[in-house]
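Structure, as structure tokens:
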Amino acid sequence: MVKYVEVRRHAMRHKHLQGKISKHLSKEGIELARKVGAGFTHPDDEKLTKTAPFKGVWTSQKSRAIETSLCMGFEVDVLDKRLACFPEDIFIKSRWPKPVKAMLKACHKHTDVDRYARAQTMILHEIADDIEDGQSALVISHGGIMELMLLGLILDEPKPELQAKNLGNVFAYCEGFRVTFENDAACDIKIIRI
């Protein structure tokens, strides 16, 4: 049984004249989300474009995540507050937005950061449980949370072929990763850069 969960960061937000950042996407964010959404295909067939690539879409309750999904062309099926929950102490200790390798060191150094990363990973397992064999799900989340979610996968099921040095910088807007689950275990992780 093979399932796919793709996790993407929301698009960029509008910046007001006073320098305050809006809750809503900017024009550039809308355009980026539309462009990325137009390029989605099902992981089993990169040429498959006429069928919906995702069985379900999960986002945080934040406007920028919901709007990113809608601009990508996908209705939101599930709002999950955990996808935006980034406690201040975890944020500080995780060292985001340092490169992912530095965040991995923070997981090794701080048990609460490690525990948070693994808890975020459990969300991905729950989502995979909600879809059927051969199906994909899309998750729109936030910077820092996503990187720790990815690290939780690596810490839970270490893959020699996926070394932290290959993970690079934190995810830019609309970047992310795709996890292939086989028989309820993460068996492959593909980093997606734009």
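Just remember, in the structure tokens the first chain shown is A, the second B, etc., residues are 1-based per chain, and ligands are 1-based in the order shown.
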Range 84-91 of chain A: which residues within 8 Å, counting only C-alpha atoms, same-chain residues fewer than 6 positions away excluded, as a PDB file with N, CA, C and O atoms, in the first residue's frame?
ATOM      1  N   SER A  60      -3.411  24.884   7.809  1.00  0.00           N
ATOM      2  CA  SER A  60      -3.626  25.495   9.115  1.00  0.00           C
ATOM      3  C   SER A  60      -4.847  26.401   8.992  1.00  0.00           C
ATOM      4  O   SER A  60      -5.377  26.601   7.892  1.00  0.00           O
ATOM      5  N   GLN A  61      -5.262  26.970  10.091  1.00  0.00           N
ATOM      6  CA  GLN A  61      -6.418  27.870  10.080  1.00  0.00           C
ATOM      7  C   GLN A  61      -6.041  29.291   9.672  1.00  0.00           C
ATOM      8  O   GLN A  61      -6.901  30.152   9.537  1.00  0.00           O
ATOM      9  N   LYS A  62      -4.759  29.541   9.450  1.00  0.00           N
ATOM     10  CA  LYS A  62      -4.286  30.874   9.097  1.00  0.00           C
ATOM     11  C   LYS A  62      -4.699  31.244   7.669  1.00  0.00           C
ATOM     12  O   LYS A  62      -4.634  30.413   6.761  1.00  0.00           O
ATOM     13  N   ASP A 112      12.689  18.836  24.059  1.00  0.00           N
ATOM     14  CA  ASP A 112      11.369  19.365  23.718  1.00  0.00           C
ATOM     15  C   ASP A 112      11.249  19.701  22.229  1.00  0.00           C
ATOM     16  O   ASP A 112      10.184  19.536  21.629  1.00  0.00           O
ATOM     17  N   VAL A 113      12.345  20.112  21.598  1.00  0.00           N
ATOM     18  CA  VAL A 113      12.333  20.366  20.151  1.00  0.00           C
ATOM     19  C   VAL A 113      12.196  19.034  19.414  1.00  0.00           C
ATOM     20  O   VAL A 113      11.412  18.913  18.462  1.00  0.00           O
ATOM     21  N   TYR A 116       8.629  17.876  19.773  1.00  0.00           N
ATOM     22  CA  TYR A 116       7.756  18.667  18.903  1.00  0.00           C
ATOM     23  C   TYR A 116       7.874  18.189  17.447  1.00  0.00           C
ATOM     24  O   TYR A 116       6.866  18.027  16.757  1.00  0.00           O
ATOM     25  N   SER A 141       1.449  24.447   5.220  1.00  0.00           N
ATOM     26  CA  SER A 141       1.849  24.777   6.582  1.00  0.00           C
ATOM     27  C   SER A 141       2.749  26.012   6.575  1.00  0.00           C
ATOM     28  O   SER A 141       2.665  26.829   5.657  1.00  0.00           O
ATOM     29  N   HIS A 142       3.620  26.114   7.553  1.00  0.00           N
ATOM     30  CA  HIS A 142       4.377  27.339   7.787  1.00  0.00           C
ATOM     31  C   HIS A 142       5.858  27.039   8.009  1.00  0.00           C
ATOM     32  O   HIS A 142       6.230  25.955   8.456  1.00  0.00           O
ATOM     33  N   GLY A 144       9.466  26.814   9.554  1.00  0.00           N
ATOM     34  CA  GLY A 144       9.885  26.369  10.886  1.00  0.00           C
ATOM     35  C   GLY A 144       9.164  25.101  11.285  1.00  0.00           C
ATOM     36  O   GLY A 144       9.794  24.111  11.654  1.00  0.00           O
ATOM     37  N   ILE A 145       7.872  25.129  11.191  1.00  0.00           N
ATOM     38  CA  ILE A 145       7.056  23.950  11.507  1.00  0.00           C
ATOM     39  C   ILE A 145       7.352  22.843  10.507  1.00  0.00           C
ATOM     40  O   ILE A 145       7.564  21.686  10.878  1.00  0.00           O
TER      41      ILE A 145
END
Residue contacts of Tyr173 in chain A (6 Å, only C-alpha atoms) excluding same-chain residues fewer than 3 positions away, as an mmCIF file with all heavy atoms, in the first residue's frame:
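Full text of out_29.cif as output:
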data_model
loop_
_atom_site.group_PDB
_atom_site.id
_atom_site.type_symbol
_atom_site.label_atom_id
_atom_site.label_comp_id
_atom_site.auth_asym_id
_atom_site.auth_seq_id
_atom_site.Cartn_x
_atom_site.Cartn_y
_atom_site.Cartn_z
ATOM 1 N N ARG A 9 4.970 25.148 1.952
ATOM 2 C CA ARG A 9 4.858 26.377 2.729
ATOM 3 C C ARG A 9 3.897 27.324 2.010
ATOM 4 O O ARG A 9 3.819 27.324 0.783
ATOM 5 C CB ARG A 9 6.229 27.035 2.866
ATOM 6 C CG ARG A 9 6.214 28.252 3.765
ATOM 7 C CD ARG A 9 7.596 28.834 3.933
ATOM 8 N NE ARG A 9 7.524 30.079 4.693
ATOM 9 C CZ ARG A 9 8.504 30.950 4.769
ATOM 10 N NH1 ARG A 9 9.651 30.715 4.154
ATOM 11 N NH2 ARG A 9 8.359 32.059 5.457
ATOM 12 N N HIS A 10 3.188 28.129 2.769
ATOM 13 C CA HIS A 10 2.272 29.109 2.179
ATOM 14 C C HIS A 10 3.056 30.110 1.323
ATOM 15 O O HIS A 10 4.280 30.239 1.438
ATOM 16 C CB HIS A 10 1.505 29.844 3.280
ATOM 17 C CG HIS A 10 2.394 30.644 4.185
ATOM 18 N ND1 HIS A 10 2.866 31.898 3.852
ATOM 19 C CD2 HIS A 10 2.920 30.369 5.399
ATOM 20 C CE1 HIS A 10 3.629 32.358 4.819
ATOM 21 N NE2 HIS A 10 3.693 31.446 5.779
ATOM 22 N N ALA A 11 2.345 30.864 0.494
ATOM 23 C CA ALA A 11 2.954 31.904 -0.337
ATOM 24 C C ALA A 11 3.149 33.184 0.481
ATOM 25 O O ALA A 11 2.684 33.293 1.616
ATOM 26 C CB ALA A 11 2.076 32.174 -1.563
#
**OP:** Mind listing the strand (DSSP E or B) residues of range 28-83 of chain A, per DSSP on the backbone, as a list in words?
**Re:** Gly56, Val57, Trp58, Thr59, Val78 and Leu79 of chain A
Store the residues picked out above, limited to N, CA and C atoms, as an mmCIF file, in the first residue's frame.
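And here's again_11.cif as it stands now:
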data_model
loop_
_atom_site.group_PDB
_atom_site.id
_atom_site.type_symbol
_atom_site.label_atom_id
_atom_site.label_comp_id
_atom_site.auth_asym_id
_atom_site.auth_seq_id
_atom_site.Cartn_x
_atom_site.Cartn_y
_atom_site.Cartn_z
ATOM 1 N N GLY A 56 -7.217 14.937 -0.791
ATOM 2 C CA GLY A 56 -7.639 15.864 0.243
ATOM 3 C C GLY A 56 -6.592 16.932 0.473
ATOM 4 N N VAL A 57 -7.039 18.073 1.013
ATOM 5 C CA VAL A 57 -6.142 19.191 1.289
ATOM 6 C C VAL A 57 -6.306 19.605 2.747
ATOM 7 N N TRP A 58 -5.196 19.636 3.462
ATOM 8 C CA TRP A 58 -5.147 20.051 4.864
ATOM 9 C C TRP A 58 -4.358 21.352 4.938
ATOM 10 N N THR A 59 -4.864 22.327 5.693
ATOM 11 C CA THR A 59 -4.100 23.548 5.934
ATOM 12 C C THR A 59 -4.243 23.929 7.400
ATOM 13 N N VAL A 78 -9.649 20.107 5.293
ATOM 14 C CA VAL A 78 -9.466 20.030 6.746
ATOM 15 C C VAL A 78 -8.613 21.204 7.223
ATOM 16 N N LEU A 79 -9.115 21.929 8.226
ATOM 17 C CA LEU A 79 -8.328 22.949 8.915
ATOM 18 C C LEU A 79 -7.761 22.308 10.173
#
Original post:
Nearest to Met146 in chain A among A:Ile66, A:Ala128, A:Leu83, A:Val179, with distances taken over only C-alpha atoms: which residue is it?
Top reply: A:Leu83
**OP:** Determine which residues of range 23-159 of chain A receive a DSSP assignment of alpha helix (DSSP H), computed from the backbone, and state them as a PyMOL selection string.
**Re:** chain A and resi 27-38+63-72+88-94+100-109+111-130+145-156
**OP:** Name the closest residue to Ala185 in chain A among the candidates A:Glu132, A:Glu147, A:Phe74, A:Met122; distances are taken between atoms, counting only C-alpha atoms.
**Re:**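 Closest to Ala185 in chain A of all the choices is A:Met122.
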Original post:
Distance CA of Lys93 in chain A-CA of Leu153 in chain A, one decimal place?
Top reply: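 Separation between CA of Lys93 in chain A and CA of Leu153 in chain A: 18.9 Å.
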Subject >> Spatial neighbours of Phe177 in chain A, max dist 7 Å, only C-alpha atoms, sep filter under 4 positions, as a ChimeraX atom specification >> reply: /A:6-8,189-192
Writing out the chosen residues with N, CA, C and O atoms as a PDB file, in the first residue's frame:
ATOM      1  N   GLU A   6       2.162  15.508   0.386  1.00  0.00           N
ATOM      2  CA  GLU A   6       3.010  16.614  -0.049  1.00  0.00           C
ATOM      3  C   GLU A   6       2.773  17.810   0.864  1.00  0.00           C
ATOM      4  O   GLU A   6       1.633  18.222   1.077  1.00  0.00           O
ATOM      5  N   VAL A   7       3.859  18.361   1.402  1.00  0.00           N
ATOM      6  CA  VAL A   7       3.791  19.479   2.337  1.00  0.00           C
ATOM      7  C   VAL A   7       4.426  20.699   1.672  1.00  0.00           C
ATOM      8  O   VAL A   7       5.557  20.621   1.191  1.00  0.00           O
ATOM      9  N   ARG A   8       3.693  21.811   1.662  1.00  0.00           N
ATOM     10  CA  ARG A   8       4.198  23.043   1.063  1.00  0.00           C
ATOM     11  C   ARG A   8       4.030  24.217   2.034  1.00  0.00           C
ATOM     12  O   ARG A   8       3.066  24.268   2.792  1.00  0.00           O
ATOM     13  N   ILE A 189      11.521  10.395   0.849  1.00  0.00           N
ATOM     14  CA  ILE A 189      11.245  11.818   1.024  1.00  0.00           C
ATOM     15  C   ILE A 189      11.912  12.567  -0.123  1.00  0.00           C
ATOM     16  O   ILE A 189      13.104  12.407  -0.363  1.00  0.00           O
ATOM     17  N   LYS A 190      11.118  13.360  -0.823  1.00  0.00           N
ATOM     18  CA  LYS A 190      11.653  14.170  -1.933  1.00  0.00           C
ATOM     19  C   LYS A 190      11.532  15.643  -1.553  1.00  0.00           C
ATOM     20  O   LYS A 190      10.438  16.130  -1.261  1.00  0.00           O
ATOM     21  N   ILE A 191      12.648  16.349  -1.554  1.00  0.00           N
ATOM     22  CA  ILE A 191      12.659  17.779  -1.276  1.00  0.00           C
ATOM     23  C   ILE A 191      12.237  18.510  -2.548  1.00  0.00           C
ATOM     24  O   ILE A 191      12.713  18.193  -3.639  1.00  0.00           O
ATOM     25  N   ILE A 192      11.346  19.486  -2.413  1.00  0.00           N
ATOM     26  CA  ILE A 192      10.825  20.228  -3.574  1.00  0.00           C
ATOM     27  C   ILE A 192      11.229  21.694  -3.437  1.00  0.00           C
ATOM     28  O   ILE A 192      10.814  22.379  -2.517  1.00  0.00           O
TER      29      ILE A 192
END
Original post:
For Phe181 in chain A, which residue out of A:Ile131, A:Val139, A:Ile21, A:Leu151 is the nearest one, using only C-alpha atoms?
Top reply: A:Ile131
Original post:
Expressed in Å to a single decimal, how great is the separation between CA of Ser26 in chain A and CA of Val76 in chain A?
Top reply: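 Separating CA of Ser26 in chain A from CA of Val76 in chain A is a distance of 19.6 Å.
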Subject >> Pick from A:Met149, A:His14, A:Cys174, A:Arg115 nearest to Gly39 in chain A, counting only C-alpha atoms >> reply: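 Selected residue with least distance to Gly39 in chain A: A:Cys174.
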Original post:
What is the distance, in Å and to one decimal place, between CA of Ala186 in chain A and CA of Ala38 in chain A?
Top reply: 26.5 Å
Original post:
With only C-alpha atoms as the atoms that count, which of A:Met1, A:Met103, A:Leu155, A:Leu70 lies nearest to Asp129 in chain A?
Top reply: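 For Asp129 in chain A, the nearest of the candidates is A:Met1.
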**OP:** Find the residues around Gly37 in chain A up to 9 Å (only C-alpha atoms counted), leave out those fewer than 6 positions away in its own chain, and share them as a PyMOL selection string.
**Re:** chain A and resi 69+71-74
